[in-house]
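**Student:** Before anything else, here's the structure in question.
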Protein chains: 2
Amino acid sequence: MRKRRVGIVEVAARAGVSATTVHFALHNTGRTSEATRQKVLQIARELDYHPHRLARGLRAQRSQILGVVVPGLRNPWVAHVVEGIEMAAAETDHGLLLACSYGDASTEGAAVEMLREQAVDGLVVIPTDPLGSSVHLRALAEEAYPLVLADWAIPGLEVPTVSVDNLKGGYVAGRHLARIGRKRIVFVTNVSWMRRWPVAEERLRGCNQALEEAGVAQATVVGPQIADVLPEERFGFEAVNRYLEAGGELDGLFAVNDVIACGALRALASQGLRVPRDVSVIGFDDQDLAPYLSPSLTTVHQPMREIGRQAVQLLVREIRMAEEPSFSRGSPRVQQVRLQPSLVVRESCGERTGLLTFI
Amino acid sequence: MRKRRVGIVEVAARAGVSATTVHFALHNTGRTSEATRQKVLQIARELDYHPHRLARGLRAQRSQILGVVVPGLRNPWVAHVVEGIEMAAAETDHGLLLACSYGDASTEGAAVEMLREQAVDGLVVIPTDPLGSSVHLRALAEEAYPLVLADWAIPGLEVPTVSVDNLKGGYVAGRHLARIGRKRIVFVTNVSWMRRWPVAEERLRGCNQALEEAGVAQATVVGPQIADVLPEERFGFEAVNRYLEAGGELDGLFAVNDVIACGALRALASQGLRVPRDVSVIGFDDQDLAPYLSPSLTTVHQPMREIGRQAVQLLVREIRMAEEPSFSRGSPRVQQVRLQPSLVVRESCGERTGLLTFI
DNA sequence: ATGAAAGCGCTAACAG
DNA sequence: CTGTTAGCGCTTTCAT
């Protein structure tokens with residue numbers, strides 16, 4: 001039989017006190033005598049009382065729920081970021097309402113709408129598309145709705161953001177390729193990633209900067225020419241395959257993420273190119289599988305869970321600021337957190353081919 | 001400036017009608033004249049009115065939120081199931097409150113507690129541990145709280161469940177290994193998977209059944225002997241490495257999931273064993289990366305998103321049944337959905353080694 | 001065809 | 001130290 005939910009009044013009745021007293025007893029505000037408090041707690045336990053957060057939320061105008069909008073969960077990068085968000089949310093006693101945009105700006109808009117109706121206290125969004133996203137995100141920002149972006153900032157949108165230093169990430173990748181003597185570098189990215197403008201572009205720019213410093217030709221961008229396909233492994237595979245079939249050459253490859261790198265590795269192998277002998281490959285993310293690919297993948301590590309955690313921290317701060325404007329005290333109005341990536345060298349680069357440097 | 005949320009009463013005021021009328025106009029219950037209805041809708045739009053679902057939920061005793069508890073998101077299997085859940089939830093106008101148990105039964109219990117306080121209408125749980133989980137899940141079941149399990153049923157717990165036919169999945173894997181002439185089969189699983197009793201055990205049992213039918217020796221179970229480590233790739237790698245270092249032999253390997261298979265592939269390669277020449281490898285799940293590993297992974301496909309979708313469907317049904325008991329009409333009280341797996345043959349098995357069959 | 005009023009479960013200002 | 005009371009925003013019965 002469905003057990004009826006026991007509320008504060010039933011506890012009050014059983015304890016022979018008022019609902020108010022129960023409330024103060026449960027929240028230990030020191031307004032009740034220790035005796036009644038114990039009695040109330042005892043009865044609450046007996047009755048298996050649980051607060052009804054909807055009711056509390058309605059009254060307090062605060063649901064203790066954070067909304068999260070992500071492009072989807074199949075890229076492990078996102079999955080890890082969401083885990084980080086979940087951990088931080090649980091620690092700060094928040095629930096987590098999750099919605100996916102699946103790469104579509106209007107789905108994202110609908111998700112934001114829906115989450116707002118559910119009265120989330122704030123939103124963490126990994127935007128899907130700078131143009132489409134910026135419309136509704138800008139609307140949120142304008143009414144000072146607590147909002148934090150993860151992964152990348154939308155140009156011209158002043159919102160707290162936590163992201164990784166993509167320029168530097170690209171730079172260390174490019175520098176490494178140059179150092180080990182690679183001359184013809186290809187940068188693989190899909191259109192979705194190009195749309196996320198700052199991300200792919202910065203990684204590419206960082207890479208090119210390093211190449212230039214080393215006197216190596218700029219990277220050839222492969223991928224945006226062809227249609228986007230899922231999963232991303234397949235995209236990486238097809239993009240590289242087409243490039244090679246069209247007679248393209250390369251001795252170094254830098255992929256915008258590890259999943260695409262995985263597909264790229266496969267394409268290189270299928271075309272008879274050996275990694276790292278013929279081609280050095282670098283990914284981005286350092287996902288769980290990177291060390292276990294064959295060859296293991298050299299990649300630019302980023303702290304994925306940490307991105308999620310920091311996003312929640314910024315968001316909680318935003319929420320407080322929205323509630324008690326005095327809280328802003330001193331610290332800058334909009335915080336940007338930029339985490340540092342680092343290169344993890346594994347087999348796919350074949351450090352030993354570095355001998356080429358001496359030729 | 002923070003925009004104050006506009007409610008039904010403000011719309012009413014502006015339209016010169018009562019809140020009741022606004023309500024009926026918005027919900028198109030045909031109780032208002034078309035004229036007033038249009039006017040109200042117009043004003044609602046102008047004022048950018050959005051219903052407050054917390055308030056509605058409180059009144060209606062129904063939050064339109066589903067709770068989901070999963071072990072974590074880093075295994076892409078889970079990520080895909082959650083995507084399926086998210087899609088189905090969005091389609092049925094439900095929000096999705098997500099919590100992770102991280103493999104710990106008490107964390108799971110706390111998550112369930114928290115979700116109930118948030119007044120979710122029902123729960124989808126991927127249990128973490130049959131012993132630990134069964135305690136609080138049984139409690140839910142006893143009070144007829146809408147609950148659906150995904151992935152595996154807890155023995156003796158009568159709750160709707162959607163899972164894949166693991167016995168059959170194991171069977172087709174084992175049969176394939178036998179058919180291509182493999183004789184010394186190893187089954188790799190970690191302790192966490194063994195705890196999820198029916199899953200790993202059924203996959204193993206199905207495999208052994210096929211081996212027996214083919215007159216091949218039962219599979220050696222590798223993994224549970226050593227401590228669990230994350231990520232699972234690493235576990236697969238270490239488990240297989242230890243087995244080989246201890247002088248273990250094999251010519252066929254069946255892993256409890258693709259991620260562990262990925263680590264196993266790597267371990268085999270690092271020990272100089274070639275796949276598929278020396279060893280045939282089969283995984284379970286058919287995750288995105290399976291076709292892009294080198295060699296590409298033969299694996300037992302399961303419809304991951306579909307599991308999530310079906311779970312939501314069962315749950316929505318449970319919720320309706322709990323609300324209007326008359327709804328149960330005819331159909332069995334507890335539904336079990338069992339989806340069919342299928343073998344996807346790729347390079348890691350080397351069908352051509354099937355020649356061995358003729359020796 | 002429309003409105004008044006009660007109430008979902010909890011909180012907090014205000015009395016005593 | 002404890003209780004009374006008035007809502008939070010929406011739904012729904014009952015009047016008009």
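Quick note on naming: the chains in the structure tokens go A, B, ... in the order shown, residues restart at 1 in each chain, and ligands are numbered from 1 in order of appearance.
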Could you list, as a list of chain:residue names, every residue of chain D that has an atom within 8 Å of an atom of chain A, counting only C-alpha atoms (C1' of nucleotides)?
**Tutor:**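 Every residue meeting the condition is included here: D:DC1, D:DT2, D:DG3, D:DC8, D:DG9.
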**Student:** Those residues with N, CA and C atoms (P, O5', C5', C4', C3', O3' and C1' of nucleotides), as a PDB file, in the first residue's frame please?
**Tutor:**
ATOM      1  P    DC D   1      14.808  28.340  26.921  1.00  0.00           P
ATOM      2  O5'  DC D   1      13.372  28.014  26.364  1.00  0.00           O
ATOM      3  C5'  DC D   1      12.616  26.977  26.810  1.00  0.00           C
ATOM      4  C4'  DC D   1      11.203  27.326  26.476  1.00  0.00           C
ATOM      5  C3'  DC D   1      10.694  26.668  25.188  1.00  0.00           C
ATOM      6  O3'  DC D   1       9.678  25.754  25.546  1.00  0.00           O
ATOM      7  C1'  DC D   1       9.984  28.921  25.351  1.00  0.00           C
ATOM      8  P    DT D   2       9.209  24.634  24.586  1.00  0.00           P
ATOM      9  O5'  DT D   2       8.010  25.341  23.841  1.00  0.00           O
ATOM     10  C5'  DT D   2       6.772  25.492  24.545  1.00  0.00           C
ATOM     11  C4'  DT D   2       5.854  26.401  23.768  1.00  0.00           C
ATOM     12  C3'  DT D   2       5.376  25.843  22.431  1.00  0.00           C
ATOM     13  O3'  DT D   2       4.015  25.467  22.606  1.00  0.00           O
ATOM     14  C1'  DT D   2       5.802  28.175  22.347  1.00  0.00           C
ATOM     15  P    DG D   3       3.263  24.681  21.425  1.00  0.00           P
ATOM     16  O5'  DG D   3       2.328  25.846  20.853  1.00  0.00           O
ATOM     17  C5'  DG D   3       1.449  26.534  21.738  1.00  0.00           C
ATOM     18  C4'  DG D   3       0.845  27.726  21.034  1.00  0.00           C
ATOM     19  C3'  DG D   3       0.118  27.389  19.718  1.00  0.00           C
ATOM     20  O3'  DG D   3      -1.131  28.063  19.713  1.00  0.00           O
ATOM     21  C1'  DG D   3       1.707  29.108  19.354  1.00  0.00           C
ATOM     22  P    DC D   8       2.140  35.574  -1.185  1.00  0.00           P
ATOM     23  O5'  DC D   8       3.181  34.479  -1.694  1.00  0.00           O
ATOM     24  C5'  DC D   8       4.579  34.611  -1.497  1.00  0.00           C
ATOM     25  C4'  DC D   8       5.215  33.313  -1.911  1.00  0.00           C
ATOM     26  C3'  DC D   8       4.671  32.752  -3.216  1.00  0.00           C
ATOM     27  O3'  DC D   8       5.595  33.046  -4.267  1.00  0.00           O
ATOM     28  C1'  DC D   8       4.804  31.052  -1.477  1.00  0.00           C
ATOM     29  P    DG D   9       5.127  33.930  -5.493  1.00  0.00           P
ATOM     30  O5'  DG D   9       4.348  32.899  -6.414  1.00  0.00           O
ATOM     31  C5'  DG D   9       5.063  31.844  -7.047  1.00  0.00           C
ATOM     32  C4'  DG D   9       4.058  30.852  -7.580  1.00  0.00           C
ATOM     33  C3'  DG D   9       3.021  31.429  -8.542  1.00  0.00           C
ATOM     34  O3'  DG D   9       3.058  30.644  -9.718  1.00  0.00           O
ATOM     35  C1'  DG D   9       1.969  30.172  -6.846  1.00  0.00           C
TER      36       DG D   9
END
**Student:** Identify all residues of stretch 99-219 of chain A in strand (DSSP E or B) (DSSP on the backbone) and supply them as a count of residues only.
**Tutor:** 19
**Student:** State, in Å with one decimal place, the distance from atom CA of B:Ile85 to atom CA of B:Arg309.
**Tutor:**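 Computed distance, atom CA of B:Ile85 to atom CA of B:Arg309, equals 5.1 Å.
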**Student:** Excluding A:Glu202 and any residue of its chain fewer than 4 positions from it, enumerate the residues within 9 Å of it, using only C-alpha atoms (C1' of nucleotides), and give them as a list in words.
**Tutor:**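 The residues satisfying every condition are Asp165, Asn166, Leu167, Lys168, Gly169, Gly170, Trp197, Pro198, Gly206 and Cys207 of chain A.
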**Student:** Running DSSP on the backbone, which parts of stretch 133-225 of chain A land in helix (DSSP H, G or I), as a VMD selection string?
**Tutor:** chain A and resid 133 to 142 166 to 179 191 to 195 197 to 213
**Student:** What separation in Å, quoted to one decimal, exists between atom C1' of C:DA1 and atom CA of B:Pro51?
**Tutor:**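 The value is 23.6 Å.
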**Student:** Between B:Val112, B:Val124, B:Gln302, B:Ser163, which residue has the minimum interatomic distance to B:Ala139, considering only C-alpha atoms?
**Tutor:**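 Answer, going by the shortest atom-to-atom distance: B:Val112.
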**Student:** What is the distance between atom CA of B:Ala110 and atom CA of B:His136, in Å to one decimal?
**Tutor:**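 The value is 9.5 Å.
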